[in-house]
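**Student:** Quick one: this structure, given as structure tokens, is what I'll be asking you about.
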Amino acid sequence: MLGSLVMSTPVLAQPVKVRLGTATPGGGFPVYGEAFIAAIRAQDPALEIEAINTKGSTENVPRLEAGTLDIALVQGEVVHESLSGIGRPPANLKVLTAMYPTAGLFVVRADSPYRRIADLKGKPIAWGAAGSGLVVLGRYVMDGLGLDAAKDFQPVYLEKAGDGPAMVLDGRVAALWGGGAGWPGFKSVVTSKEGGRFVAPDAEEIRRILAKHTFLKPISQPAGSYPGQDAAIPSVGSWSFVMARPGLDAAIAGRLAKALHQAEATPSAQLADTTAKNTLAAVTAPSVLHPGVLAYYRQAGLSR
């Protein structure tokens, strides 16, 4: 029933408006949101998606639950906490698609003396915008090393993600925490006249983090993700997801899934990892997927 609903011609022709929650300007989520909307529009012009700037992942989840957003971008650690009921009741949200894997890293000025995470203890650190999932990732990574992100450093939480690079470059903070290929904050620092370099957990630190927080995964920032980055940088992190509100119509979710699958033939740099194959591999179980997405995947022969 769902499959025929998803694929029927009258449904595909129906104009629909969808509200997409992203994050604060200057971060990776708004950039991804623009590419996501462009890809959907190219495949299904009747799907009108409105991008809404929010404070980030930790605001997007309650707004999805309240129905003021239809879909939203959510960092993997926030997805884990929300679906598992960590610090809150379990959320009734479903995955629309996997976005990309995020390897958590610090960026420092090229002339900085800081080379290891231990060097940053006690220093002012820009962890990101207060509502960003990157802040949550940083908290878990530091906790895996026996550190408290809020107490063992001088934490700085940003009004906008885009405020961080200037603070690194003018010395107000020792480092900026972030992650993801092409992340604007990292790009701004490494392409500045001062230049930048990355600080990440070493092999033993990665082992310790993964032993304590098993939902995190070993993820490397591929070589060439940023100018001057000649080698891959191993770290830890998780996949971010586009999540759907409770009750989002299965036909709409199926149309979004179909448009994204068709867009895989001509991927943008931002959506290179946004594939049906990666989505099926990244979710903990097919039941986590929105029923409309799962119906499309099955009809397209992508899933049983």
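For the structure tokens, the naming scheme is as follows: chains receive sequential letters (A, B, ...) according to their order of presentation, residues are indexed from 1 within each chain, and ligands are indexed from 1 in presentation order.
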Run DSSP on the backbone and grab whatever in segment 189-250 of chain A lands in helix (DSSP H, G or I); send it over as a PDB file with C-alpha atoms, in the first residue's frame.
**Tutor:**
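Dumped to part.pdb:
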```pdb
ATOM      1  CA  VAL A 189      40.892  29.349   9.267  1.00  0.00           C
ATOM      2  CA  VAL A 190      43.063  27.246   6.939  1.00  0.00           C
ATOM      3  CA  ALA A 203      45.494   6.338  18.129  1.00  0.00           C
ATOM      4  CA  GLU A 204      45.494   5.539  21.852  1.00  0.00           C
ATOM      5  CA  GLU A 205      43.048   8.361  22.582  1.00  0.00           C
ATOM      6  CA  ILE A 206      40.740   7.121  19.825  1.00  0.00           C
ATOM      7  CA  ARG A 207      40.808   3.651  21.380  1.00  0.00           C
ATOM      8  CA  ARG A 208      39.881   5.075  24.802  1.00  0.00           C
ATOM      9  CA  ILE A 209      37.036   7.200  23.422  1.00  0.00           C
ATOM     10  CA  LEU A 210      35.499   4.325  21.461  1.00  0.00           C
ATOM     11  CA  ALA A 211      35.804   1.968  24.441  1.00  0.00           C
ATOM     12  CA  LYS A 212      33.759   4.332  26.625  1.00  0.00           C
ATOM     13  CA  ALA A 250       4.529   8.637   3.947  1.00  0.00           C
TER      14      ALA A 250
END
```
**Student:** Would you pick out the contacts of Ala285 of chain A at 12 Å or less, using only C-alpha atoms, so that residues sharing its chain but fewer than 6 positions from it are not included, and give the list as a ChimeraX atom specification?
**Tutor:** /A:94-95,279,294,303
**Student:** Write out, as a PDB file, in the first residue's frame, the residues just selected, with C-alpha atoms.
**Tutor:**
```
ATOM      1  CA  LYS A  94      12.364   8.792  11.971  1.00  0.00           C
ATOM      2  CA  VAL A  95      15.345   9.025   9.628  1.00  0.00           C
ATOM      3  CA  THR A 279      21.640   5.549   4.821  1.00  0.00           C
ATOM      4  CA  LEU A 294      11.578   2.299   3.555  1.00  0.00           C
ATOM      5  CA  SER A 303      16.224  -2.894   0.577  1.00  0.00           C
TER       6      SER A 303
END
```
**Student:** Could you name the residues that touch segment 159-167 of chain A at 7 Å or less, counting only C-alpha atoms, but leaving out those on the same chain fewer than 4 positions away, as an MDAnalysis selection string?
**Tutor:** chainID A and resid 24:27 126 128:129 171:173 176 185 188:189
**Student:** If I take atom CA of Ser238 of chain A and atom CA of Pro218 of chain A, how far is one from the other in Å, to one decimal?
**Tutor:** 8.2 Å
**Student:** Return as CSV the residues of segment 167-283 of chain A lying at most 9 Å from segment 28-49 of chain A, together with the closest atom-to-atom pair for each and the distance in Å to one decimal, counting only C-alpha atoms, with rows in chain order and ascending residue number.
**Tutor:**
```
residue,atom,partner,partner_atom,distance
A:Gly179,CA,A:Gly28,CA,8.7
A:Gly180,CA,A:Gly28,CA,7.7
A:Ala181,CA,A:Gly28,CA,9.0
A:Gly182,CA,A:Gly28,CA,7.8
A:Trp183,CA,A:Gly28,CA,5.3
A:Pro184,CA,A:Gly28,CA,6.1
A:Gly185,CA,A:Gly28,CA,8.1
A:Ile252,CA,A:Leu47,CA,8.5
A:Arg255,CA,A:Asp44,CA,7.8
A:Leu256,CA,A:Ile40,CA,7.0
A:Lys258,CA,A:Gln43,CA,8.6
A:Ala259,CA,A:Gln43,CA,5.3
A:Leu260,CA,A:Ile40,CA,6.3
A:Gln262,CA,A:Gln43,CA,7.0
A:Ala263,CA,A:Ala39,CA,6.0
A:Thr266,CA,A:Ala39,CA,9.0
A:Pro267,CA,A:Ala39,CA,8.1
A:Ser268,CA,A:Ala35,CA,7.1
A:Ala269,CA,A:Ala35,CA,8.6
A:Gln270,CA,A:Tyr32,CA,5.8
A:Leu271,CA,A:Ala35,CA,7.0
```
**Student:** Store the residues picked out above in a file with N, CA and C atoms, as a PDB file, in the first residue's frame.
**Tutor:**
```
ATOM      1  N   GLY A 179      33.778  19.875  12.652  1.00  0.00           N
ATOM      2  CA  GLY A 179      33.904  18.626  11.922  1.00  0.00           C
ATOM      3  C   GLY A 179      33.118  18.626  10.633  1.00  0.00           C
ATOM      4  N   GLY A 180      33.491  17.710   9.745  1.00  0.00           N
ATOM      5  CA  GLY A 180      32.803  17.551   8.474  1.00  0.00           C
ATOM      6  C   GLY A 180      33.609  18.095   7.318  1.00  0.00           C
ATOM      7  N   ALA A 181      33.558  17.398   6.192  1.00  0.00           N
ATOM      8  CA  ALA A 181      34.279  17.831   5.000  1.00  0.00           C
ATOM      9  C   ALA A 181      33.734  19.174   4.529  1.00  0.00           C
ATOM     10  N   GLY A 182      34.647  20.107   4.259  1.00  0.00           N
ATOM     11  CA  GLY A 182      34.226  21.412   3.774  1.00  0.00           C
ATOM     12  C   GLY A 182      33.547  22.279   4.810  1.00  0.00           C
ATOM     13  N   TRP A 183      33.707  21.935   6.108  1.00  0.00           N
ATOM     14  CA  TRP A 183      33.043  22.726   7.149  1.00  0.00           C
ATOM     15  C   TRP A 183      33.532  24.168   7.081  1.00  0.00           C
ATOM     16  N   PRO A 184      32.602  25.146   7.001  1.00  0.00           N
ATOM     17  CA  PRO A 184      33.001  26.540   6.768  1.00  0.00           C
ATOM     18  C   PRO A 184      33.974  27.100   7.801  1.00  0.00           C
ATOM     19  N   GLY A 185      33.801  26.730   9.084  1.00  0.00           N
ATOM     20  CA  GLY A 185      34.692  27.252  10.110  1.00  0.00           C
ATOM     21  C   GLY A 185      36.132  26.844   9.893  1.00  0.00           C
ATOM     22  N   ILE A 252       4.978  11.979   1.169  1.00  0.00           N
ATOM     23  CA  ILE A 252       5.960  13.068   1.107  1.00  0.00           C
ATOM     24  C   ILE A 252       7.362  12.531   1.381  1.00  0.00           C
ATOM     25  N   ARG A 255       8.581  10.700  -1.639  1.00  0.00           N
ATOM     26  CA  ARG A 255       8.993  11.606  -2.714  1.00  0.00           C
ATOM     27  C   ARG A 255      10.376  12.186  -2.437  1.00  0.00           C
ATOM     28  N   LEU A 256      10.615  12.569  -1.197  1.00  0.00           N
ATOM     29  CA  LEU A 256      11.928  13.090  -0.829  1.00  0.00           C
ATOM     30  C   LEU A 256      13.007  12.026  -1.035  1.00  0.00           C
ATOM     31  N   LYS A 258      12.927   9.443  -3.054  1.00  0.00           N
ATOM     32  CA  LYS A 258      13.104   9.181  -4.488  1.00  0.00           C
ATOM     33  C   LYS A 258      13.930  10.298  -5.139  1.00  0.00           C
ATOM     34  N   ALA A 259      13.612  11.548  -4.804  1.00  0.00           N
ATOM     35  CA  ALA A 259      14.356  12.675  -5.386  1.00  0.00           C
ATOM     36  C   ALA A 259      15.828  12.609  -5.002  1.00  0.00           C
ATOM     37  N   LEU A 260      16.110  12.286  -3.743  1.00  0.00           N
ATOM     38  CA  LEU A 260      17.502  12.184  -3.307  1.00  0.00           C
ATOM     39  C   LEU A 260      18.216  11.031  -4.003  1.00  0.00           C
ATOM     40  N   GLN A 262      17.518   9.804  -6.983  1.00  0.00           N
ATOM     41  CA  GLN A 262      17.750  10.214  -8.366  1.00  0.00           C
ATOM     42  C   GLN A 262      18.903  11.219  -8.449  1.00  0.00           C
ATOM     43  N   ALA A 263      19.027  12.055  -7.427  1.00  0.00           N
ATOM     44  CA  ALA A 263      20.084  13.071  -7.422  1.00  0.00           C
ATOM     45  C   ALA A 263      21.472  12.459  -7.255  1.00  0.00           C
ATOM     46  N   THR A 266      24.024  12.786 -10.122  1.00  0.00           N
ATOM     47  CA  THR A 266      24.779  14.033 -10.328  1.00  0.00           C
ATOM     48  C   THR A 266      24.986  14.711  -8.971  1.00  0.00           C
ATOM     49  N   PRO A 267      25.782  14.105  -8.094  1.00  0.00           N
ATOM     50  CA  PRO A 267      25.882  14.613  -6.726  1.00  0.00           C
ATOM     51  C   PRO A 267      26.669  15.916  -6.638  1.00  0.00           C
ATOM     52  N   SER A 268      26.251  16.794  -5.739  1.00  0.00           N
ATOM     53  CA  SER A 268      27.050  17.967  -5.403  1.00  0.00           C
ATOM     54  C   SER A 268      28.079  17.549  -4.360  1.00  0.00           C
ATOM     55  N   ALA A 269      29.053  18.394  -4.122  1.00  0.00           N
ATOM     56  CA  ALA A 269      30.076  18.075  -3.132  1.00  0.00           C
ATOM     57  C   ALA A 269      29.460  17.891  -1.756  1.00  0.00           C
ATOM     58  N   GLN A 270      28.466  18.707  -1.440  1.00  0.00           N
ATOM     59  CA  GLN A 270      27.849  18.629  -0.114  1.00  0.00           C
ATOM     60  C   GLN A 270      27.043  17.342   0.080  1.00  0.00           C
ATOM     61  N   LEU A 271      26.476  16.817  -1.012  1.00  0.00           N
ATOM     62  CA  LEU A 271      25.614  15.635  -0.913  1.00  0.00           C
ATOM     63  C   LEU A 271      26.303  14.352  -1.368  1.00  0.00           C
TER      64      LEU A 271
END
```
**Student:** Counting only C-alpha atoms, figure out which residue out of A:Pro89, A:Ala103, A:Pro155, A:Val78 gets nearest to Ser225 of chain A.
**Tutor:**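 Ranked by minimum distance to Ser225 of chain A, first place goes to A:Ala103.
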**Student:** Could you check how far atom CA of Leu169 of chain A sits from atom CA of Gly228 of chain A, in Å to one decimal?
**Tutor:**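 Going from atom CA of Leu169 of chain A over to atom CA of Gly228 of chain A, I get 17.3 Å.
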**Student:** For each of A:Val135, A:Ala91, A:Ile52, A:Ala200, take the minimum atom-to-atom distance to Ile117 of chain A, counting only C-alpha atoms, then give the residue where this is smallest.
**Tutor:**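 Comparing A:Val135, A:Ala91, A:Ile52, A:Ala200 against Ile117 of chain A, the winner is A:Ala200.
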**Student:** Which residues are close to Tyr100 of chain A, i.e. within 6 Å by only C-alpha atoms, leaving aside same-chain residues fewer than 4 positions away? Reply as a PyMOL selection string.
**Tutor:** chain A and resi 239-240+273
**Student:** Go ahead and write the selection's residues with C-alpha atoms as a compact mmCIF listing (two decimals), in the first residue's frame.
**Tutor:**
```txt
# COMPACT_ATOMS: atom_id res chain seq x y z
CA TRP A 239 26.77 10.20 10.87
CA SER A 240 24.42 13.16 10.87
CA ASP A 273 27.70 11.00 1.07
```
**Student:** Write out as an MDAnalysis selection string the residues lying within 10 Å of Pro90 of chain A, counting only C-alpha atoms and excluding same-chain residues fewer than 6 positions away.
**Tutor:** chainID A and resid 80:84
**Student:** Can you write out the residues you just picked, keeping C-alpha atoms, as a compact mmCIF listing (two decimals), in the first residue's frame?
**Tutor:**
```txt
# COMPACT_ATOMS: atom_id res chain seq x y z
CA HIS A 80 21.51 8.93 19.56
CA GLU A 81 20.46 10.75 22.73
CA SER A 82 17.00 11.58 21.38
CA LEU A 83 16.09 8.11 20.12
CA SER A 84 17.66 6.38 23.13
```
**Student:** Select, from A:Phe215, A:Tyr296, A:Tyr157, A:Phe106, the residue with the minimum atom-to-atom distance to Phe186 of chain A, counting only C-alpha atoms.
**Tutor:** A:Phe106
**Student:** Using only C-alpha atoms for the distances, tell me which of A:Gly122, A:Pro227, A:Gly67, A:Gly131 is nearest to Asp148 of chain A.
**Tutor:**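 Once distances to Asp148 of chain A are computed over only C-alpha atoms, the minimum belongs to A:Gly122.
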**Student:** Can you pull out every residue from segment 40-182 of chain A that DSSP, working from the backbone, puts in strand (DSSP E or B), and format the result as a VMD selection string?
**Tutor:** chain A and resid 47 to 52 71 to 74 94 to 109 124 to 129 154 to 158 175 to 179
